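Report on one structure; see the data block that follows.
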Amino acid sequence: MDVLIAYSSGYGATKEVAERIGEILGQDAAINVRVENLDNLQGEDVEAFDAVVVGSSVRAERPLANVRDFFALNRDVLAQKKVALFAVCLAAATDEGREKVRRDYLGFITEKYPELKFLSSEAFGGKIDLHRLNPIMRRLMQRVLLEHGLPVTERIDTRDWQFIEAWALGLKEKLLGTNGQ
């Protein structure tokens, strides 16, 4: 099975999550994985895969614009594939936050494309290095952190790698049809 993991990452956290998911899926000899920045893909690239996993960071309570465009441009091809979706977002640091991101942010895509076969969608905590931001974005992110009850420190990483890895293992079972379905 050929699996594409396509991601869009603002500052690298989503890329790191996509790479880890790719490592886990690729541990099975039955799965060939390609992890690729969404911006590097052409439409025909998607057709070559049996399954597509799309990951996005979140901005303004939505998956990134290029992720939304990817689904719009490839909806017919994706309708013939197994599809999974994940978001990386500071707001998903808690169970309540994760549910909100799944429902409101990822739901923006899953509800818009009911013809797609989403095997799974999940939200993972995010990471931000405030010192990498310009002063305006830095102040904005400090407000967002306070709103979500997160500490305002120079570097925040709320990703739960065990949770991410468990999701990837469950996704592998779904892709291979070994979960009793």
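Labels for the structure tokens follow display order: chains A, B, ..., residues from 1 in each chain, ligands from 1.
Selecting alpha helix (DSSP H) from the backbone DSSP output for region 27-114 of chain A yields Gly43, Glu44, Asp45, Val46, Glu47, Ala65, Asn66, Val67, Arg68, Asp69, Phe70, Phe71, Ala72, Leu73, Asn74, Arg75, Asp76, Val77, Leu78, Asp95, Glu96, Gly97, Arg98, Glu99, Lys100, Gly107, Phe108, Ile109 and Thr110 of chain A.
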Would you kindly return, as a PyMOL selection string, each protein, DNA or RNA residue with an atom no farther than 9 Å from any atom of Asn74 (chain A), considering only C-alpha atoms and excluding same-chain residues fewer than 4 positions away? chain A and resi 43+46+69-70+78-79
Residues within 7 Å of region 16-24 of chain A, only C-alpha atoms, excluding chain neighbours under 4 positions, as an mmCIF file with N, CA and C atoms, in the first residue's frame:
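Final output, out_36.cif:
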data_model
loop_
_atom_site.group_PDB
_atom_site.id
_atom_site.type_symbol
_atom_site.label_atom_id
_atom_site.label_comp_id
_atom_site.auth_asym_id
_atom_site.auth_seq_id
_atom_site.Cartn_x
_atom_site.Cartn_y
_atom_site.Cartn_z
ATOM 1 N N ILE A 5 1.687 11.144 3.051
ATOM 2 C CA ILE A 5 1.408 12.026 4.183
ATOM 3 C C ILE A 5 1.780 13.420 3.719
ATOM 4 N N TYR A 7 1.561 17.469 4.377
ATOM 5 C CA TYR A 7 1.391 18.364 5.519
ATOM 6 C C TYR A 7 1.625 19.818 5.109
ATOM 7 N N GLY A 12 6.983 24.361 11.666
ATOM 8 C CA GLY A 12 7.693 23.092 11.737
ATOM 9 C C GLY A 12 7.097 22.025 12.642
ATOM 10 N N VAL A 33 5.655 4.692 2.469
ATOM 11 C CA VAL A 33 5.234 6.021 2.890
ATOM 12 C C VAL A 33 6.071 7.097 2.202
ATOM 13 N N VAL A 35 6.385 11.223 2.817
ATOM 14 C CA VAL A 35 6.002 12.402 3.589
ATOM 15 C C VAL A 35 6.434 13.614 2.779
ATOM 16 N N GLY A 55 -2.082 16.627 7.068
ATOM 17 C CA GLY A 55 -1.878 17.294 8.342
ATOM 18 C C GLY A 55 -1.738 18.789 8.150
ATOM 19 N N GLU A 165 1.577 8.772 18.556
ATOM 20 C CA GLU A 165 2.020 7.446 18.135
ATOM 21 C C GLU A 165 0.889 6.423 18.211
ATOM 22 N N ALA A 168 -1.299 6.944 15.245
ATOM 23 C CA ALA A 168 -0.664 6.424 14.034
ATOM 24 C C ALA A 168 -0.781 4.895 13.970
ATOM 25 N N LEU A 169 -0.612 4.233 15.095
ATOM 26 C CA LEU A 169 -0.757 2.773 15.123
ATOM 27 C C LEU A 169 -2.192 2.360 14.790
#
Any idea what's packed within 10 Å of Leu130 (chain A), counting only C-alpha atoms, ignoring anything in its chain fewer than 2 positions away? Could you give it as a PyMOL selection string? chain A and resi 127-128+132-135+137-139+141-142+152-156
Keeping only N, CA and C atoms, write the selected residues as a tab-separated table (two decimals), in the first residue's frame.
chain	number	residue	atom	x	y	z
A	127	LYS	N	3.17	23.41	19.05
A	127	LYS	CA	4.43	23.95	19.56
A	127	LYS	C	4.61	25.35	19.00
A	128	ILE	N	5.13	26.23	19.83
A	128	ILE	CA	5.44	27.58	19.35
A	128	ILE	C	6.69	28.08	20.06
A	132	ARG	N	10.69	33.39	17.76
A	132	ARG	CA	10.77	33.33	16.29
A	132	ARG	C	9.74	34.22	15.61
A	133	LEU	N	8.82	34.78	16.38
A	133	LEU	CA	7.73	35.57	15.81
A	133	LEU	C	8.07	37.05	15.79
A	134	ASN	N	7.47	37.76	14.84
A	134	ASN	CA	7.62	39.22	14.86
A	134	ASN	C	6.82	39.77	16.05
A	135	PRO	N	7.10	40.99	16.46
A	135	PRO	CA	6.45	41.53	17.67
A	135	PRO	C	4.92	41.49	17.65
A	137	MET	N	2.90	39.33	15.93
A	137	MET	CA	2.46	37.94	16.08
A	137	MET	C	2.76	37.43	17.49
A	138	ARG	N	3.85	37.88	18.05
A	138	ARG	CA	4.23	37.47	19.41
A	138	ARG	C	3.15	37.89	20.41
A	139	ARG	N	2.70	39.15	20.34
A	139	ARG	CA	1.65	39.63	21.24
A	139	ARG	C	0.34	38.89	21.00
A	141	MET	N	-0.02	35.81	19.85
A	141	MET	CA	0.10	34.45	20.38
A	141	MET	C	0.09	34.45	21.91
A	142	GLN	N	0.65	35.47	22.53
A	142	GLN	CA	0.60	35.55	23.99
A	142	GLN	C	-0.85	35.63	24.46
A	152	VAL	N	2.58	31.44	29.36
A	152	VAL	CA	3.21	32.32	28.38
A	152	VAL	C	4.72	32.28	28.64
A	153	THR	N	5.38	31.36	27.94
A	153	THR	CA	6.83	31.22	28.03
A	153	THR	C	7.40	31.30	26.62
A	154	GLU	N	8.68	31.42	26.51
A	154	GLU	CA	9.32	31.56	25.19
A	154	GLU	C	9.07	30.37	24.28
A	155	ARG	N	9.04	29.17	24.86
A	155	ARG	CA	8.84	27.96	24.06
A	155	ARG	C	7.78	27.10	24.73
A	156	ILE	N	6.77	26.76	23.96
A	156	ILE	CA	5.68	25.93	24.46
A	156	ILE	C	5.53	24.75	23.51
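In terms of minimum interatomic distance to Gly149 (chain A), A:Gly97 ranks closest within A:Gly126, A:Gly26, A:Pro114, A:Gly97, counting only C-alpha atoms.
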Need the shell around Asp45 (chain A): protein/DNA/RNA residues with any atom at most 12 Å away, counting only C-alpha atoms. Skip same-chain ones fewer than 4 positions apart. Format as number ranges by chain? A: 2-6, 34, 36, 38-41, 49-52, 70, 74, 77-78
DSSP-assigned strand (DSSP E or B) members of chain A, reported as a PyMOL selection string: chain A and resi 2-8+32-37+51-59+62-63+82-88+117-124+127-129+155-157
Pick from A:Ala123, A:Asn66, A:Arg75, A:Lys174: nearest to Glu96 (chain A), with only C-alpha atoms counted? A:Ala123
